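Here is target.cif, consisting of mmCIF, C-alpha atoms:
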```cif
data_entry
loop_
_atom_site.label_atom_id
_atom_site.label_comp_id
_atom_site.auth_asym_id
_atom_site.auth_seq_id
_atom_site.Cartn_x
_atom_site.Cartn_y
_atom_site.Cartn_z
CA MET A 277 -40.41 8.91 -1.82
CA LYS A 278 -37.02 10.47 -2.51
CA ILE A 279 -33.71 9.15 -1.18
CA SER A 280 -30.70 11.46 -1.18
CA LEU A 281 -27.39 12.04 0.57
CA GLU A 282 -27.20 14.81 3.14
CA ARG A 283 -23.93 16.09 4.56
CA ARG A 284 -23.67 15.70 8.32
CA GLY A 285 -23.51 18.93 10.25
CA ALA A 286 -20.74 17.56 12.44
CA VAL A 287 -18.82 14.30 12.38
CA LYS A 288 -19.00 12.76 15.84
CA SER A 289 -16.24 10.62 17.27
CA TRP A 290 -18.37 7.46 17.18
CA HIS A 291 -18.90 7.97 13.44
CA LEU A 292 -15.16 7.60 12.90
CA ILE A 293 -15.13 4.20 14.64
CA GLY A 294 -18.67 2.88 14.31
CA VAL A 295 -19.21 3.43 10.58
CA PRO A 296 -16.04 1.59 9.43
CA LEU A 297 -16.72 -1.21 11.93
CA LEU A 298 -20.27 -1.65 10.69
CA SER A 299 -19.00 -1.54 7.11
CA VAL A 300 -16.58 -4.40 7.76
CA ILE A 301 -19.29 -6.40 9.53
CA PHE A 302 -21.69 -5.80 6.65
CA GLY A 303 -18.99 -6.72 4.15
CA THR A 304 -18.33 -9.94 6.04
CA LEU A 305 -22.04 -10.80 6.05
CA VAL A 306 -22.33 -10.18 2.32
CA GLY A 307 -19.17 -12.23 1.82
CA GLY A 308 -20.74 -15.04 3.83
CA ILE A 309 -23.84 -14.97 1.64
CA PHE A 310 -21.60 -15.04 -1.43
CA LEU A 311 -19.73 -18.08 -0.10
CA GLU A 312 -22.92 -19.96 0.73
CA ALA A 313 -24.31 -19.15 -2.71
CA THR A 314 -21.20 -20.65 -4.31
CA GLY A 315 -21.49 -23.84 -2.27
CA HIS A 316 -18.96 -23.17 0.50
CA ASN A 317 -19.25 -23.25 4.28
CA ALA A 318 -18.96 -19.57 5.21
CA ILE A 319 -18.35 -20.20 8.93
CA LEU A 320 -15.54 -22.64 8.17
CA VAL A 321 -13.98 -20.24 5.67
CA PHE A 322 -13.97 -17.27 8.04
CA LYS A 323 -12.74 -19.46 10.91
CA THR A 324 -9.87 -20.68 8.74
CA MET A 325 -8.99 -17.11 7.73
CA ALA A 326 -8.80 -16.01 11.36
CA GLN A 327 -6.86 -19.08 12.53
CA THR A 328 -4.39 -18.90 9.66
CA SER A 329 -3.52 -15.24 10.10
CA TYR A 330 -3.84 -14.44 13.79
CA THR A 331 -3.82 -17.49 16.08
CA THR A 332 -0.45 -19.13 15.45
CA LEU A 333 3.07 -17.77 15.75
CA TYR A 334 3.90 -18.52 12.14
CA GLY A 335 0.56 -17.17 10.95
CA ILE A 336 1.11 -13.89 12.77
CA GLY A 337 4.62 -13.75 11.35
CA ASP A 338 3.37 -14.23 7.80
CA THR A 339 0.68 -11.61 8.36
CA LEU A 340 3.19 -9.04 9.61
CA ALA A 341 5.54 -9.85 6.73
CA ALA A 342 2.69 -9.28 4.27
CA ALA A 343 1.78 -6.03 6.03
CA THR A 344 5.30 -4.57 5.88
CA PRO A 345 5.31 -3.31 2.25
CA LEU A 346 1.69 -2.18 2.65
CA ILE A 347 2.70 0.13 5.49
CA PHE A 348 5.31 1.77 3.26
CA THR A 349 2.98 2.18 0.27
CA ALA A 350 0.16 3.43 2.52
CA LEU A 351 2.50 6.07 3.97
CA ALA A 352 3.50 7.02 0.42
CA ALA A 353 -0.15 7.50 -0.53
CA LEU A 354 -1.26 9.38 2.59
CA VAL A 355 1.62 11.87 2.43
CA ALA A 356 0.55 12.90 -1.06
CA PHE A 357 -3.18 12.74 -0.35
CA ARG A 358 -2.74 15.07 2.63
CA VAL A 359 -2.12 17.93 0.22
CA ASN A 360 -4.69 16.77 -2.37
CA LEU A 361 -2.04 15.22 -4.61
CA TYR A 362 -3.63 12.01 -5.80
CA SER A 363 -0.56 10.07 -6.78
CA ILE A 364 -1.26 6.45 -7.65
CA GLY A 365 2.32 5.74 -8.67
CA ALA A 366 3.49 3.78 -5.62
CA GLU A 367 3.26 0.59 -7.68
CA GLY A 368 5.82 1.75 -10.23
CA GLN A 369 8.00 3.45 -7.65
CA LEU A 370 8.09 0.19 -5.68
CA PHE A 371 9.25 -1.65 -8.82
CA VAL A 372 12.02 0.84 -9.55
CA GLY A 373 13.00 0.90 -5.89
CA GLY A 374 13.37 -2.87 -6.12
CA ILE A 375 15.47 -2.54 -9.30
CA PHE A 376 17.83 -0.01 -7.71
CA ALA A 377 18.02 -1.93 -4.42
CA SER A 378 18.78 -5.27 -6.06
CA GLY A 379 21.36 -3.71 -8.37
CA VAL A 380 23.24 -2.13 -5.49
CA GLY A 381 22.77 -5.26 -3.36
CA ILE A 382 24.43 -7.41 -6.01
CA ALA A 383 27.30 -4.94 -6.31
CA VAL A 384 28.08 -4.47 -2.60
CA GLY A 385 26.74 -7.74 -1.20
CA THR A 386 30.17 -9.10 -0.39
CA SER A 387 30.83 -6.08 1.84
CA SER A 388 29.91 -6.12 5.52
CA SER A 389 26.24 -6.02 6.49
CA ALA A 390 26.81 -2.63 8.10
CA LEU A 391 27.56 -1.25 4.64
CA ALA A 392 25.49 -3.49 2.36
CA ILE A 393 22.10 -3.21 4.09
CA PRO A 394 22.04 0.62 4.35
CA ALA A 395 23.25 0.84 0.74
CA VAL A 396 20.40 -1.38 -0.45
CA LEU A 397 17.78 0.59 1.47
CA ILE A 398 19.11 3.97 0.34
CA ALA A 399 19.19 2.72 -3.25
CA GLY A 400 15.51 1.74 -2.97
CA ILE A 401 14.60 5.19 -1.67
CA VAL A 402 16.58 6.86 -4.46
CA GLY A 403 14.93 4.62 -7.06
CA GLY A 404 11.44 5.59 -5.91
CA MET A 405 12.39 9.27 -5.88
CA VAL A 406 13.89 9.09 -9.35
CA TRP A 407 10.74 7.49 -10.74
CA MET A 408 8.61 10.22 -9.17
CA THR A 409 10.77 13.11 -10.37
CA LEU A 410 9.17 13.72 -13.78
CA PRO A 411 5.53 13.44 -12.56
CA ALA A 412 6.42 15.73 -9.65
CA LEU A 413 8.05 18.32 -11.91
CA PHE A 414 5.15 18.30 -14.37
CA ARG A 415 2.60 18.59 -11.54
CA ALA A 416 4.38 21.34 -9.64
CA TRP A 417 5.37 23.62 -12.51
CA PHE A 418 3.00 22.75 -15.36
CA GLY A 419 -0.13 21.60 -13.52
CA THR A 420 -0.18 18.21 -15.26
CA SER A 421 -2.44 15.67 -13.58
CA GLU A 422 -0.35 13.47 -11.31
CA ILE A 423 -3.01 10.77 -11.59
CA ILE A 424 -2.33 10.29 -15.30
CA THR A 425 1.46 10.57 -15.21
CA THR A 426 1.99 8.30 -12.21
CA LEU A 427 -0.40 5.69 -13.61
CA MET A 428 1.44 5.67 -16.95
CA PHE A 429 4.79 5.36 -15.20
CA ASN A 430 3.51 2.30 -13.32
CA PHE A 431 3.22 0.34 -16.55
CA VAL A 432 6.60 1.54 -17.82
CA ALA A 433 8.22 0.40 -14.57
CA LEU A 434 6.43 -2.96 -14.67
CA PHE A 435 7.63 -3.81 -18.16
CA LEU A 436 11.11 -2.48 -17.43
CA MET A 437 11.36 -4.81 -14.44
CA ARG A 438 10.12 -7.77 -16.49
CA TYR A 439 12.53 -6.94 -19.30
CA LEU A 440 15.49 -6.98 -16.95
CA ILE A 441 14.73 -10.56 -15.88
CA TYR A 442 12.66 -12.18 -18.64
CA GLY A 443 13.57 -10.26 -21.79
CA SER A 444 17.34 -10.00 -21.77
CA SER A 445 20.59 -11.15 -20.18
CA THR A 446 21.12 -8.14 -17.94
CA TYR A 447 23.11 -7.51 -14.80
CA TRP A 448 20.02 -8.39 -12.72
CA ARG A 449 19.34 -11.79 -14.32
CA ASP A 450 20.88 -14.96 -12.88
CA PRO A 451 22.96 -16.56 -15.68
CA THR A 452 22.97 -19.93 -13.90
CA SER A 453 19.17 -20.23 -14.03
CA THR A 454 18.43 -22.25 -17.17
CA ASN A 455 14.91 -23.58 -16.51
CA PHE A 456 13.12 -20.32 -15.82
CA PRO A 457 14.58 -16.78 -15.77
CA GLN A 458 15.24 -15.55 -12.25
CA GLY A 459 16.87 -12.56 -10.64
CA LYS A 460 20.44 -12.78 -9.44
CA LYS A 461 20.55 -13.50 -5.69
CA LEU A 462 21.92 -10.92 -3.30
CA ASP A 463 24.71 -11.99 -0.99
CA GLN A 464 23.48 -12.76 2.52
CA ASN A 465 25.27 -9.68 3.85
CA ALA A 466 22.68 -7.59 1.99
CA TRP A 467 19.69 -9.43 3.44
CA LEU A 468 17.54 -7.79 6.11
CA PRO A 469 17.85 -9.95 9.27
CA ARG A 470 14.84 -12.05 10.24
CA PHE A 471 13.39 -12.65 13.68
CA GLY A 472 14.39 -16.24 14.34
CA THR A 473 12.77 -18.66 11.91
CA GLN A 474 9.84 -16.33 11.25
CA SER A 475 9.23 -14.64 7.92
CA ILE A 476 9.20 -11.26 9.71
CA HIS A 477 12.30 -9.24 8.93
CA TRP A 478 13.71 -5.89 9.95
CA GLY A 479 11.71 -4.23 7.21
CA LEU A 480 8.81 -4.22 9.68
CA VAL A 481 10.91 -2.25 12.17
CA LEU A 482 11.83 0.21 9.43
CA ALA A 483 8.16 0.53 8.50
CA LEU A 484 7.24 1.36 12.10
CA VAL A 485 10.09 3.87 12.33
CA ALA A 486 8.90 5.45 9.08
CA THR A 487 5.38 5.62 10.51
CA VAL A 488 6.57 7.55 13.57
CA GLY A 489 8.72 9.76 11.33
CA ILE A 490 5.82 10.65 9.04
CA TRP A 491 3.57 11.33 12.03
CA PHE A 492 6.23 13.65 13.47
CA LEU A 493 6.67 15.36 10.12
CA LEU A 494 2.93 15.97 9.76
CA ARG A 495 2.17 16.96 13.33
CA LYS A 496 5.28 18.53 14.82
CA THR A 497 7.13 20.39 12.07
CA ARG A 498 6.70 23.63 10.18
CA PHE A 499 6.74 21.69 6.92
CA GLY A 500 3.86 19.54 8.17
CA TYR A 501 1.89 22.65 9.14
CA GLN A 502 2.42 24.08 5.66
CA MET A 503 1.21 20.78 4.20
CA LYS A 504 -1.96 21.05 6.28
CA VAL A 505 -2.60 24.62 5.13
CA LEU A 506 -1.95 23.68 1.51
CA GLY A 507 -4.28 20.71 1.74
CA ASP A 508 -7.10 22.55 3.52
CA ALA A 509 -6.93 25.92 1.78
CA PRO A 510 -4.62 26.14 -1.26
CA ASN A 511 -5.41 29.81 -1.92
CA ALA A 512 -4.72 30.75 1.69
CA ALA A 513 -1.42 28.88 1.47
CA ARG A 514 -0.40 30.92 -1.55
CA TYR A 515 -1.36 34.22 0.06
CA SER A 516 0.51 33.34 3.26
CA GLY A 517 3.74 32.76 1.38
CA VAL A 518 3.87 28.97 1.29
CA PRO A 519 6.12 27.94 -1.65
CA VAL A 520 3.40 25.86 -3.31
CA LYS A 521 5.39 24.60 -6.29
CA ARG A 522 8.41 23.62 -4.26
CA MET A 523 6.25 21.98 -1.60
CA THR A 524 4.24 20.07 -4.19
CA PHE A 525 7.45 18.72 -5.69
CA THR A 526 8.94 17.86 -2.28
CA VAL A 527 5.84 16.05 -1.03
CA LEU A 528 5.66 13.91 -4.16
CA ILE A 529 9.36 13.08 -3.92
CA ILE A 530 8.93 12.00 -0.29
CA SER A 531 6.01 9.83 -1.38
CA GLY A 532 8.14 8.24 -4.09
CA GLY A 533 10.96 7.53 -1.65
CA LEU A 534 8.63 5.72 0.75
CA ALA A 535 7.26 3.55 -2.07
CA GLY A 536 10.80 2.82 -3.24
CA LEU A 537 11.68 1.75 0.30
CA ALA A 538 8.84 -0.79 0.09
CA GLY A 539 10.54 -2.30 -2.96
CA ALA A 540 13.90 -2.38 -1.20
CA SER A 541 12.44 -4.09 1.87
CA GLU A 542 10.83 -6.76 -0.30
CA VAL A 543 14.06 -7.38 -2.21
CA ALA A 544 16.32 -7.45 0.85
CA GLY A 545 13.86 -9.03 3.27
CA ARG A 546 11.80 -11.52 1.28
CA ALA A 547 12.94 -12.52 -2.21
CA HIS A 548 16.64 -11.57 -1.90
CA ALA A 549 16.57 -10.91 -5.64
CA LEU A 550 14.63 -8.87 -8.19
CA ASP A 551 11.47 -10.96 -8.46
CA PRO A 552 8.92 -9.52 -10.93
CA ASN A 553 6.22 -12.02 -9.98
CA GLY A 554 6.67 -11.37 -6.28
CA LEU A 555 6.64 -7.59 -6.59
CA ALA A 556 3.85 -7.23 -9.14
CA ILE A 557 1.00 -8.23 -6.83
CA GLY A 558 -0.65 -4.84 -6.44
CA LEU A 559 1.14 -3.67 -3.29
CA GLY A 560 1.15 -0.06 -4.47
CA TYR A 561 -2.56 -0.01 -5.28
CA ALA A 562 -3.38 -1.83 -2.04
CA GLY A 563 -1.49 0.85 -0.14
CA ILE A 564 -3.96 3.43 -1.47
CA ILE A 565 -6.84 1.39 -0.02
CA VAL A 566 -5.02 1.07 3.31
CA ALA A 567 -4.36 4.82 3.48
CA THR A 568 -7.98 5.63 2.62
CA LEU A 569 -9.42 3.25 5.22
CA ALA A 570 -7.01 4.74 7.78
CA ARG A 571 -8.24 8.25 6.89
CA LEU A 572 -4.67 9.31 6.13
CA ASN A 573 -3.57 8.58 9.68
CA PRO A 574 -0.08 6.98 9.83
CA PHE A 575 -0.79 4.85 12.90
CA GLY A 576 -4.19 3.86 11.54
CA ALA A 577 -2.43 2.74 8.36
CA VAL A 578 -0.34 0.26 10.38
CA ILE A 579 -3.47 -1.32 11.89
CA ILE A 580 -5.30 -1.50 8.56
CA ALA A 581 -2.19 -2.90 6.84
CA ILE A 582 -2.02 -5.72 9.38
CA GLY A 583 -5.68 -6.53 8.74
CA PHE A 584 -5.12 -6.42 4.99
CA GLY A 585 -2.01 -8.59 5.39
CA GLY A 586 -4.11 -11.14 7.23
CA LEU A 587 -6.57 -11.26 4.33
CA GLN A 588 -3.72 -11.84 1.90
CA ASN A 589 -2.10 -14.44 4.13
CA SER A 590 -5.29 -16.47 4.45
CA ALA A 591 -5.89 -16.79 0.70
CA SER A 592 -3.55 -19.76 0.30
CA ALA A 593 -5.06 -21.55 3.31
CA LEU A 594 -8.54 -21.30 1.81
CA GLN A 595 -7.36 -23.37 -1.14
CA SER A 596 -6.41 -26.34 1.08
CA LEU A 597 -9.61 -27.03 3.00
CA GLY A 598 -10.18 -30.44 1.45
CA THR A 599 -13.74 -30.76 0.21
CA GLU A 600 -14.43 -27.19 1.32
CA SER A 601 -11.45 -25.67 -0.50
CA VAL A 602 -12.06 -22.22 -1.93
CA PRO A 603 -10.64 -21.53 -5.42
CA SER A 604 -8.15 -18.69 -5.62
CA ALA A 605 -10.56 -16.61 -7.72
CA ILE A 606 -13.28 -16.82 -5.06
CA ALA A 607 -10.77 -16.09 -2.29
CA THR A 608 -9.63 -12.96 -4.13
CA THR A 609 -13.23 -11.94 -4.80
CA LEU A 610 -14.06 -12.35 -1.12
CA GLN A 611 -11.17 -10.11 -0.09
CA GLY A 612 -12.14 -7.51 -2.67
CA LEU A 613 -15.80 -7.60 -1.62
CA ILE A 614 -14.99 -6.96 2.03
CA LEU A 615 -12.60 -4.12 1.18
CA LEU A 616 -14.97 -2.56 -1.35
CA LEU A 617 -17.84 -2.42 1.13
CA ALA A 618 -15.51 -1.08 3.82
CA LEU A 619 -14.44 1.71 1.46
CA ALA A 620 -18.05 2.38 0.49
CA GLY A 621 -18.89 2.80 4.16
CA GLU A 622 -16.46 5.73 4.36
CA LEU A 623 -19.07 7.79 2.50
CA PHE A 624 -21.40 7.58 5.49
CA VAL A 625 -18.87 9.06 7.87
CA ARG A 626 -19.60 12.51 6.45
CA TYR A 627 -22.95 11.88 4.77
CA ARG A 628 -26.22 10.25 5.79
CA LEU A 629 -29.20 8.99 3.87
CA LYS A 630 -32.21 11.30 3.82
CA VAL A 631 -35.61 9.90 2.95
CA SER A 632 -38.28 12.44 2.09
CA LYS A 633 -41.73 12.25 0.58
CA ARG A 634 -42.35 13.82 -2.80
CA VAL A 635 -44.80 16.66 -2.62
CA GLU A 636 -47.34 16.60 -5.42
CA VAL A 637 -48.49 20.04 -6.46
CA SER A 638 -51.84 20.09 -8.22
CA VAL A 639 -52.95 23.00 -10.37
#
```

Just dump the structure as structure tokens.
Amino acid sequence: MKISLERRGAVKSWHLIGVPLLSVIFGTLVGGIFLEATGHNAILVFKTMAQTSYTTLYGIGDTLAAATPLIFTALAALVAFRVNLYSIGAEGQLFVGGIFASGVGIAVGTSSSALAIPAVLIAGIVGGMVWMTLPALFRAWFGTSEIITTLMFNFVALFLMRYLIYGSSTYWRDPTSTNFPQGKKLDQNAWLPRFGTQSIHWGLVLALVATVGIWFLLRKTRFGYQMKVLGDAPNAARYSGVPVKRMTFTVLIISGGLAGLAGASEVAGRAHALDPNGLAIGLGYAGIIVATLARLNPFGAVIIAIGFGGLQNSASALQSLGTESVPSAIATTLQGLILLLALAGELFVRYRLKVSKRVEVSV
């Protein structure tokens, strides 16, 4: 018996919904088996995850707050992926966006909110664009792999951010913090307003506006049409006069700006300072997963980001279940297991398993 993958002749609409749904269900079942095998009550764990993230006002608020930067980084990934540019640099661009945003926020924080908040957000966008400039130039004009360059730049940005707070007495470091190095706080005029006492801030509104803007760019503009042609048929794009190098550079710069905006929203909406520990939690890499599960659809990315934010939000609750508490390592493993199987299920949207009998030929 031979088992192989066979490409589907046509992808039906129910494949696009049913396969991911079954993947998540299967991932949850496997996660339940994993929990039971490690001595935990799977039903209680999943019930706690759902209650923590989606059944209370504060839980929903925390979930949406966690989803906000993921929406930005997912948009950054899907814009590049649409034209087969596999940038994985949103992590580093988010860091540099946070550096630029916090620097400007400290400088103009005493100004009015009408000036300080836009300045912080624009600085974050510029920071992400700046960090993407060299990889974009090398990819567009020299054909250098954007995967390698953006990945390398992630580590440079990470250690630069840590150096600014932990390794030196820079403009970003709070000189009054003597116990443990911390970033200098932004003035309240530079903070993104929150919705009441919730942790949700106006970064979520900006993320939704960015989602609509990217959808409009992709679906309703000439530039978006050229992106589609370049992504589907690069040679046809060249023959039809699409400026491939310039478009490659522009798309990557847009991607960098979106990731930088994620850093700015975290600085101005959550930490109110440059916080290396708070930013270096894999938001850029998680955005790639969100974009992939959403099949590069901007509105789908919002839905997936909210689900992913709920998973992140529930991790802390799982560690406070009394005798049934789940260690942080197991909670992280559970999240990764569900997401990994959901991603694996994407293969079966376009392919199916084919089982055939081996034919023995005798001579």

I need the output of the PyMOL selection byres ((chain A and resi 532-539) around 9) for this file as a PyMOL selection string; which residues are they? chain A and resi 344-353+365-377+397-409+479+483+486+527-531+540-544+555+559-560

Q.
Residues within 7 Å of A:Thr339, please, as an MDAnalysis selection string. Count all atoms listed in the file; anything in the same chain fewer than 5 positions from it doesn't count.
A. chainID A and resid 329 582 585:586 589

For atom CA of A:Pro469 and atom CA of A:Leu550, the interatomic separation in Å (one decimal) =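 Computing it gives 17.8 Å between the two atoms.
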
Once the PyMOL selection byres ((chain A and resi 524) around 9) is applied to the coordinates I shared, what remains selected? I want it as a list in words.
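Here the PyMOL selection byres ((chain A and resi 524) around 9) matches Ala356, Val359, Leu361, Ala412, Leu413, Arg415, Ala416, Met503, Pro519, Val520, Lys521, Arg522, Met523, Phe525, Thr526, Val527, Leu528 and Ile529 of chain A.
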
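Comparing A:Ala513, A:Leu320, A:Leu480, A:Leu613 by their smallest distance to A:Asp338, the closest is A:Leu480 (using all atoms listed in the file).
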
Could you tell me which residues the PyMOL selection byres ((chain A and resi 295-300) around 7) returns for this structure, as a list in words?
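In the shown coordinates, the PyMOL selection byres ((chain A and resi 295-300) around 7) covers His291, Leu292, Ile293, Gly294, Ile301, Phe302, Gly303, Thr304, Ile614, Leu617, Ala618, Gly621, Glu622, Phe624 and Val625 of chain A.
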
Could you state the separation of atom CA of A:Glu312 and atom CA of A:Thr324 in Å, given to one decimal place?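 Taking atom CA of A:Glu312 as the start and atom CA of A:Thr324 as the end point, the length is 15.3 Å.
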
Mind giving me the straight-line distance from atom CA of A:Leu482 to atom CA of A:Gly381 in Å, one decimal?
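Pair atom CA of A:Leu482 / atom CA of A:Gly381 returns 17.7 Å.
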
Which centre and edge lengths in Å to one decimal define the box along x, y and z that fits every listed atom of stretch 523-541 of chain A plus 5 Å per side, as JSON?
```
{"center_x": 9.1, "center_y": 8.9, "center_z": -1.9, "size_x": 19.7, "size_y": 36.1, "size_z": 17.6}
```

The residue from A:Thr314, A:Thr331, A:Asn465, A:Ser363 with the smallest atom-to-atom distance to A:Leu427, counting all atoms listed in the file, is A:Ser363

Using all atoms listed in the file, what table do you get, as a Markdown table, when you list each residue of stretch 561-626 of chain A with an atom no more than 9 Å from stretch 488-492 of chain A, its nearest pair of atoms, and their distance in Å rounded to one decimal, rows by chain then rising number?
```
| residue | atom | partner | partner_atom | distance |
| --- | --- | --- | --- | --- |
| A:Asn573 | CA | A:Trp491 | CA | 8.0 |
| A:Pro574 | CA | A:Trp491 | CA | 6.1 |
| A:Phe575 | CA | A:Trp491 | CA | 7.9 |
```
